[in-house]
Structure formats: structure tokens, C-alpha cells
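Read through the structure below, which is laid out as C-alpha cells, and then see the notes.
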Amino acid sequence: MNYIKLGREISCILRHNPEEYNLKLDDNGFIGIDLLLDALNKRNRYNKVITLDNIKYILDISEKKRWEIVDNKIRAYYGHSFNNKIKFEEKEPPIILYHGTYNDVLDNILNEGLKPMQRQYVHLSETIEMAKQVGKRRDNHPVILAIDSSKAFDDGIKFYYSTNGVWLVDYMPPNYLSVIGRRRVRKIK
Ligand code: HQG
């Protein structure tokens with residue numbers, strides 16, 4: 001059983017393209033697990049019938065808990081990209097949050113702030129270590145930005161808590177950002 005492939009397929013459905021599987025998520029991003037399993041099994045990509053236990057097993061073994069199961073429904077905790085923006089609960093953030101990114105986009109970010117780009121929200125991390133892991137997806141020596149979340153919150157910026165130390169915002173203006181992990185010396189043009 002290829003659990004990595006199955007996990008990616010489920011995340012893809014819950015975050016990006018439920019309609020490709022004829023699924024409709026509710027306003028909070030949930031779908032009935034039975035419907036999800038039916039849709040997966042219709043494609044028959046794993047030479048076996050996928051069950052709820054398979055989904056629970058992926059959640060158990062994954063360091064990142066990417067999905068939430070409530071009653072008989074499941075949703076992705078974060079990472080959504082489709083148009084209908086998922087509603088999350090607003091919450092007061094820790095005083096500092098972090099964002100790991102890559103050197104090539106640093107100037108843009110410092111000029112125009114953190115934008116959600118292809119996703120519905122900007123993703124922020126509770127620890128520098130987490131931010132490093134996020135940034136390392138694209139850069140071996142990622143840039144770590146510290147976000148003055150306490151000030152941003154006081155100024156009225158809304159924060160939403162996702163899970164496992166992931167926080168979401170609609171946009172983070174540049175005046176709340178500072179660079180704390182610039183490792184690579186920039187080339188002088
Ligand atoms: C950058 C993964 C240019 C931003 C991760 C980031 C995370 C800008 C990229 C979660 C910009 C978007 C999300 C601007 C932001 N100009 N670039 N103004 N503002 N960016 O993947 O935060 O493993 O959509 O810095 O671990 O990297 O999939 O967001 O580099 O938790 O569960 O635009 O996805 O989780 O990239 O990652 P992404 P992210 P999973």
C-alpha cells in the first residue's frame with residue numbers, strides 16, 4: 001500500500017481540487033468521509049479498497065497532522081487553494097511568529113509583504129525550526145522572517161489558528177517583518 005501517494009491524493013482533494021472528484025466541501029472545508037472514500041475507490045488506484053483505517057493510519061504516522069476528522073467528516077487543516085475561502089476560528093497569536101522562505105523572493109516580500117500567492121492564506125510558524133523546514137522545501141539556506149504578530153494583532157490584523165503550530169493570515173504587511181536568518185551573501189550586480 002503506497003501511503004505517501006494516498007496521503008498526497010487526499011491532501012490534493014481536500015486542499016485543491018475536490019470538484020475533480022465530484023466532491024463539494026462545506027464552508028469550513030469538510031466533506032463526509034464516506035463520500036471521500038467512495039470517490040477514491042472509484043478511481044481504484046491502489047489495487048485495494050481504501051478504508052477509514054487507512055486514513056487514520058496516515059494521520060498517525062505523519063509528523064504533520066494535515067487533516068482534521070470530526071464526527072464522520074474530514075478536512076485539511078491548512079494549505080487550501082480553491083476559490084471558496086475556508087473559514088477558520090480567529091485567535092490571538094503568540095507575540096512572535098515566523099515564516100521560512102527562499103532568498104529569491106525576499107526583496108519582493110520586504111517590499112510588498114507576505115501574500116498568500118496560490119493559497120487562501122499566508123502560512124506562519126510558531127517556531128524558527130518549523131519555519132526552517134517550510135523554507136527548506138525550496139532553499140537549502142532559507143530566509144527566516146520574524147513577524148511582530150503581537151503588534152499586528154493589536155493593529156487589527158486577524159489571525160487564525162490551524163494546527164500543530166501553523167497560523168494563518170490573509171496578508172502580512174512588510175512593516176511587521178524582520179529578517180533573522182539570512183545566511184547567503186548576496187551577489188553584487
Ligand atoms: C512566498 C507546506 C513573492 C512565500 C508547508 C512562500 C507550509 C512571496 C511562497 C504550507 C510573497 C508560497 C505553506 C511575495 C509570500 N512575493 N513571494 N509578496 N509573499 N511569498 O507553498 O508558506 O507539507 O504557498 O514566502 O510546510 O511555503 O504541504 O506557502 O515561499 O506549512 O503540509 O510564496 O505548506 O505544508 O508558497 O507553505 P506556499 P508556504 P505541507
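As shown in the C-alpha cells, the chain order sets the letters A, B, ...; within each chain, residues go from 1, and ligands are also counted from 1 in the order they appear.
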Legend entry - Distance query Leu14 (chain A) at most 9 Å, only C-alpha atoms, self and fewer than 5 positions along chain excluded, as JSON, numbers by chain: {"A": [9, 25, 29, 30, 31, 67, 74, 75, 76, 80]}
Export of prior selection with N, CA, C and O atoms as a PDB file, in the first residue's frame:
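Dumped everything to out_16.pdb:
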ATOM      1  N   GLU A   9      -2.782  12.322  -2.444  1.00  0.00           N
ATOM      2  CA  GLU A   9      -4.040  12.420  -3.197  1.00  0.00           C
ATOM      3  C   GLU A   9      -5.137  13.010  -2.311  1.00  0.00           C
ATOM      4  O   GLU A   9      -5.882  13.901  -2.747  1.00  0.00           O
ATOM      5  N   LEU A  25     -17.039  20.453  -0.841  1.00  0.00           N
ATOM      6  CA  LEU A  25     -16.743  20.658   0.579  1.00  0.00           C
ATOM      7  C   LEU A  25     -17.717  21.678   1.151  1.00  0.00           C
ATOM      8  O   LEU A  25     -18.217  22.543   0.419  1.00  0.00           O
ATOM      9  N   GLY A  29     -14.725  23.563   4.874  1.00  0.00           N
ATOM     10  CA  GLY A  29     -13.762  22.680   4.217  1.00  0.00           C
ATOM     11  C   GLY A  29     -13.956  21.208   4.499  1.00  0.00           C
ATOM     12  O   GLY A  29     -13.116  20.393   4.122  1.00  0.00           O
ATOM     13  N   PHE A  30     -15.067  20.852   5.143  1.00  0.00           N
ATOM     14  CA  PHE A  30     -15.292  19.445   5.480  1.00  0.00           C
ATOM     15  C   PHE A  30     -16.023  18.703   4.359  1.00  0.00           C
ATOM     16  O   PHE A  30     -16.815  19.282   3.623  1.00  0.00           O
ATOM     17  N   ILE A  31     -15.753  17.407   4.302  1.00  0.00           N
ATOM     18  CA  ILE A  31     -16.508  16.511   3.421  1.00  0.00           C
ATOM     19  C   ILE A  31     -16.761  15.221   4.207  1.00  0.00           C
ATOM     20  O   ILE A  31     -15.901  14.816   5.023  1.00  0.00           O
ATOM     21  N   TRP A  67      -4.792  16.791   8.403  1.00  0.00           N
ATOM     22  CA  TRP A  67      -6.252  16.717   8.299  1.00  0.00           C
ATOM     23  C   TRP A  67      -6.878  16.619   9.677  1.00  0.00           C
ATOM     24  O   TRP A  67      -6.287  16.118  10.615  1.00  0.00           O
ATOM     25  N   ILE A  74     -14.130  15.013   7.335  1.00  0.00           N
ATOM     26  CA  ILE A  74     -12.683  15.274   7.327  1.00  0.00           C
ATOM     27  C   ILE A  74     -12.422  16.579   6.568  1.00  0.00           C
ATOM     28  O   ILE A  74     -13.165  16.927   5.641  1.00  0.00           O
ATOM     29  N   ARG A  75     -11.382  17.320   6.998  1.00  0.00           N
ATOM     30  CA  ARG A  75     -10.953  18.489   6.224  1.00  0.00           C
ATOM     31  C   ARG A  75      -9.441  18.652   6.359  1.00  0.00           C
ATOM     32  O   ARG A  75      -8.812  18.114   7.274  1.00  0.00           O
ATOM     33  N   ALA A  76      -8.873  19.424   5.433  1.00  0.00           N
ATOM     34  CA  ALA A  76      -7.465  19.785   5.549  1.00  0.00           C
ATOM     35  C   ALA A  76      -7.380  20.946   6.524  1.00  0.00           C
ATOM     36  O   ALA A  76      -8.230  21.839   6.515  1.00  0.00           O
ATOM     37  N   HIS A  80      -5.148  25.331   1.665  1.00  0.00           N
ATOM     38  CA  HIS A  80      -6.161  25.368   0.602  1.00  0.00           C
ATOM     39  C   HIS A  80      -5.832  26.389  -0.485  1.00  0.00           C
ATOM     40  O   HIS A  80      -5.289  27.456  -0.204  1.00  0.00           O
TER      41      HIS A  80
END
Legend entry - Those in region 20-186 of chain A with helix (DSSP H, G or I) from DSSP, as an NGL selection string: :A and (20-21 or 33-43 or 52-61 or 103-112 or 128-135 or 149-154 or 174-176)
Selected residues written out with C-alpha atoms, as a compact mmCIF listing (two decimals), in the first residue's frame:
# COMPACT_ATOMS: atom_id res chain seq x y z
CA GLU A 20 -12.30 16.89 -9.98
CA TYR A 21 -13.64 14.03 -7.85
CA ILE A 33 -15.51 10.58 4.94
CA ASP A 34 -17.78 8.07 3.20
CA LEU A 35 -18.06 10.38 0.20
CA LEU A 36 -14.29 10.83 0.12
CA LEU A 37 -13.71 7.09 0.33
CA ASP A 38 -16.25 6.44 -2.44
CA ALA A 39 -14.53 8.97 -4.68
CA LEU A 40 -11.10 7.48 -4.01
CA ASN A 41 -12.29 3.93 -4.53
CA LYS A 42 -13.98 4.81 -7.81
CA ARG A 43 -10.52 5.60 -9.19
CA LEU A 52 -11.20 4.89 7.14
CA ASP A 53 -8.47 2.90 8.89
CA ASN A 54 -6.08 3.76 6.04
CA ILE A 55 -6.81 7.45 6.52
CA LYS A 56 -6.35 7.19 10.28
CA TYR A 57 -3.09 5.31 9.78
CA ILE A 58 -1.69 8.13 7.62
CA LEU A 59 -2.66 10.66 10.28
CA ASP A 60 -0.99 8.52 12.95
CA ILE A 61 2.33 8.13 11.17
CA ASN A 103 16.23 34.10 -0.91
CA ASP A 104 14.98 34.83 -4.43
CA VAL A 105 11.69 36.30 -3.20
CA LEU A 106 12.99 38.18 -0.17
CA ASP A 107 13.14 41.59 -1.84
CA ASN A 108 9.57 41.22 -3.07
CA ILE A 109 8.35 40.20 0.36
CA LEU A 110 10.11 43.08 2.09
CA ASN A 111 8.59 45.50 -0.43
CA GLU A 112 5.04 44.23 -0.67
CA ILE A 128 12.04 29.04 13.96
CA GLU A 129 12.66 25.32 13.46
CA MET A 130 9.28 24.85 11.78
CA ALA A 131 9.84 27.90 9.59
CA LYS A 132 13.22 26.47 8.54
CA GLN A 133 11.56 23.22 7.49
CA VAL A 134 8.99 25.11 5.43
CA GLY A 135 11.68 27.25 3.77
CA SER A 149 2.39 39.31 15.50
CA SER A 150 1.59 41.00 18.77
CA LYS A 151 1.69 44.44 17.12
CA ALA A 152 -0.08 43.21 14.03
CA PHE A 153 -2.85 41.75 16.19
CA ASP A 154 -3.13 45.00 18.18
CA PRO A 174 6.09 44.49 5.37
CA ASN A 175 6.27 46.76 8.41
CA TYR A 176 5.73 43.75 10.72
Legend entry - Selection as an MDAnalysis selection string: residues within 7 Å of ligand 1 by only C-alpha atoms and all ligand atoms: chainID A and resid 64 66 79 99:102 105 108:109 112:119 122:124 133:135 166
Filtering to N, CA, C and O atoms, could you give me those residues as an mmCIF file, in the first residue's frame?
data_model
loop_
_atom_site.group_PDB
_atom_site.id
_atom_site.type_symbol
_atom_site.label_atom_id
_atom_site.label_comp_id
_atom_site.auth_asym_id
_atom_site.auth_seq_id
_atom_site.Cartn_x
_atom_site.Cartn_y
_atom_site.Cartn_z
ATOM 1 N N LYS A 64 3.345 15.821 10.451
ATOM 2 C CA LYS A 64 2.403 16.926 10.291
ATOM 3 C C LYS A 64 0.992 16.367 10.246
ATOM 4 O O LYS A 64 0.686 15.537 9.387
ATOM 5 N N ARG A 66 -2.098 16.854 8.918
ATOM 6 C CA ARG A 66 -2.617 17.751 7.883
ATOM 7 C C ARG A 66 -4.130 17.787 7.815
ATOM 8 O O ARG A 66 -4.698 18.679 7.219
ATOM 9 N N GLY A 79 -3.481 25.048 3.864
ATOM 10 C CA GLY A 79 -2.915 24.794 2.532
ATOM 11 C C GLY A 79 -3.895 24.944 1.380
ATOM 12 O O GLY A 79 -3.523 24.724 0.232
ATOM 13 N N HIS A 99 8.237 32.910 9.461
ATOM 14 C CA HIS A 99 7.908 32.439 8.123
ATOM 15 C C HIS A 99 9.214 32.098 7.425
ATOM 16 O O HIS A 99 10.110 32.934 7.332
ATOM 17 N N GLY A 100 9.311 30.867 6.943
ATOM 18 C CA GLY A 100 10.516 30.453 6.217
ATOM 19 C C GLY A 100 10.270 30.573 4.732
ATOM 20 O O GLY A 100 9.262 30.095 4.227
ATOM 21 N N THR A 101 11.214 31.214 4.038
ATOM 22 C CA THR A 101 11.026 31.377 2.609
ATOM 23 C C THR A 101 12.373 31.301 1.911
ATOM 24 O O THR A 101 13.381 30.953 2.525
ATOM 25 N N TYR A 102 12.406 31.610 0.621
ATOM 26 C CA TYR A 102 13.654 31.465 -0.117
ATOM 27 C C TYR A 102 14.207 32.834 -0.524
ATOM 28 O O TYR A 102 13.465 33.809 -0.681
ATOM 29 N N VAL A 105 12.910 35.487 -3.311
ATOM 30 C CA VAL A 105 11.686 36.296 -3.197
ATOM 31 C C VAL A 105 11.757 37.295 -2.040
ATOM 32 O O VAL A 105 10.795 38.029 -1.794
ATOM 33 N N ASN A 108 11.011 41.036 -2.825
ATOM 34 C CA ASN A 108 9.569 41.216 -3.074
ATOM 35 C C ASN A 108 8.797 41.267 -1.772
ATOM 36 O O ASN A 108 7.945 42.131 -1.557
ATOM 37 N N ILE A 109 9.101 40.304 -0.900
ATOM 38 C CA ILE A 109 8.352 40.204 0.360
ATOM 39 C C ILE A 109 8.589 41.445 1.215
ATOM 40 O O ILE A 109 7.645 41.995 1.802
ATOM 41 N N GLU A 112 6.508 44.279 -0.565
ATOM 42 C CA GLU A 112 5.040 44.231 -0.666
ATOM 43 C C GLU A 112 4.372 43.391 0.412
ATOM 44 O O GLU A 112 3.147 43.292 0.438
ATOM 45 N N GLY A 113 5.146 42.791 1.321
ATOM 46 C CA GLY A 113 4.569 41.987 2.384
ATOM 47 C C GLY A 113 4.381 40.535 1.974
ATOM 48 O O GLY A 113 4.659 40.160 0.835
ATOM 49 N N LEU A 114 3.935 39.738 2.944
ATOM 50 C CA LEU A 114 3.675 38.320 2.668
ATOM 51 C C LEU A 114 2.279 38.173 2.084
ATOM 52 O O LEU A 114 1.283 38.556 2.714
ATOM 53 N N LYS A 115 2.238 37.616 0.882
ATOM 54 C CA LYS A 115 0.948 37.395 0.214
ATOM 55 C C LYS A 115 0.657 35.903 0.174
ATOM 56 O O LYS A 115 1.592 35.093 0.166
ATOM 57 N N PRO A 116 -0.612 35.524 0.098
ATOM 58 C CA PRO A 116 -0.936 34.088 0.093
ATOM 59 C C PRO A 116 -0.518 33.369 -1.190
ATOM 60 O O PRO A 116 -0.494 32.152 -1.219
ATOM 61 N N MET A 117 -0.203 34.114 -2.219
ATOM 62 C CA MET A 117 0.185 33.546 -3.516
ATOM 63 C C MET A 117 -0.890 32.564 -4.006
ATOM 64 O O MET A 117 -2.006 32.955 -4.145
ATOM 65 N N GLN A 118 -0.556 31.282 -4.223
ATOM 66 C CA GLN A 118 -1.552 30.343 -4.784
ATOM 67 C C GLN A 118 -2.550 29.858 -3.736
ATOM 68 O O GLN A 118 -3.530 29.204 -4.065
ATOM 69 N N ARG A 119 -2.275 30.123 -2.470
ATOM 70 C CA ARG A 119 -3.146 29.570 -1.428
ATOM 71 C C ARG A 119 -4.135 30.623 -0.920
ATOM 72 O O ARG A 119 -4.068 31.789 -1.278
ATOM 73 N N VAL A 122 -1.725 33.251 4.028
ATOM 74 C CA VAL A 122 -0.289 33.197 4.309
ATOM 75 C C VAL A 122 -0.117 32.249 5.498
ATOM 76 O O VAL A 122 -0.869 32.334 6.476
ATOM 77 N N HIS A 123 0.880 31.357 5.425
ATOM 78 C CA HIS A 123 1.120 30.385 6.496
ATOM 79 C C HIS A 123 2.309 30.836 7.351
ATOM 80 O O HIS A 123 3.389 31.100 6.820
ATOM 81 N N LEU A 124 2.086 30.888 8.657
ATOM 82 C CA LEU A 124 3.126 31.315 9.599
ATOM 83 C C LEU A 124 3.382 30.186 10.598
ATOM 84 O O LEU A 124 2.481 29.393 10.886
ATOM 85 N N GLN A 133 12.022 24.387 8.258
ATOM 86 C CA GLN A 133 11.565 23.216 7.490
ATOM 87 C C GLN A 133 10.714 23.647 6.298
ATOM 88 O O GLN A 133 10.847 23.111 5.204
ATOM 89 N N VAL A 134 9.838 24.628 6.525
ATOM 90 C CA VAL A 134 8.989 25.111 5.431
ATOM 91 C C VAL A 134 9.866 25.720 4.331
ATOM 92 O O VAL A 134 9.726 25.414 3.144
ATOM 93 N N GLY A 135 10.824 26.566 4.739
ATOM 94 C CA GLY A 135 11.685 27.249 3.767
ATOM 95 C C GLY A 135 12.579 26.278 3.017
ATOM 96 O O GLY A 135 12.876 26.475 1.835
ATOM 97 N N VAL A 166 0.742 25.927 13.142
ATOM 98 C CA VAL A 166 0.569 26.685 11.895
ATOM 99 C C VAL A 166 -0.502 27.760 12.113
ATOM 100 O O VAL A 166 -1.615 27.462 12.552
#
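Taking CA of Glu68 (chain A) as the reference point, CA of Arg45 (chain A) is found at 23.5 Å.
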Inset, instruction - Would you please extract all strand (DSSP E or B) residues from chain A, as assigned by DSSP on the backbone, and give them as a count of residues only? - result: 36
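CA of Lys87 (chain A) to CA of Thr163 (chain A) spans 14.0 Å [interatomic distance, one decimal].
Proximity to Thr127 (chain A) at 10 Å, evaluated using only C-alpha atoms and with sequence-adjacent residues fewer than 6 positions away removed, yields Ile96, Leu97, Tyr98, His99, Ala146, Gly165 and Val166 of chain A.
Here CA of Pro142 (chain A) and CA of Tyr171 (chain A) stand 20.4 Å from one another.
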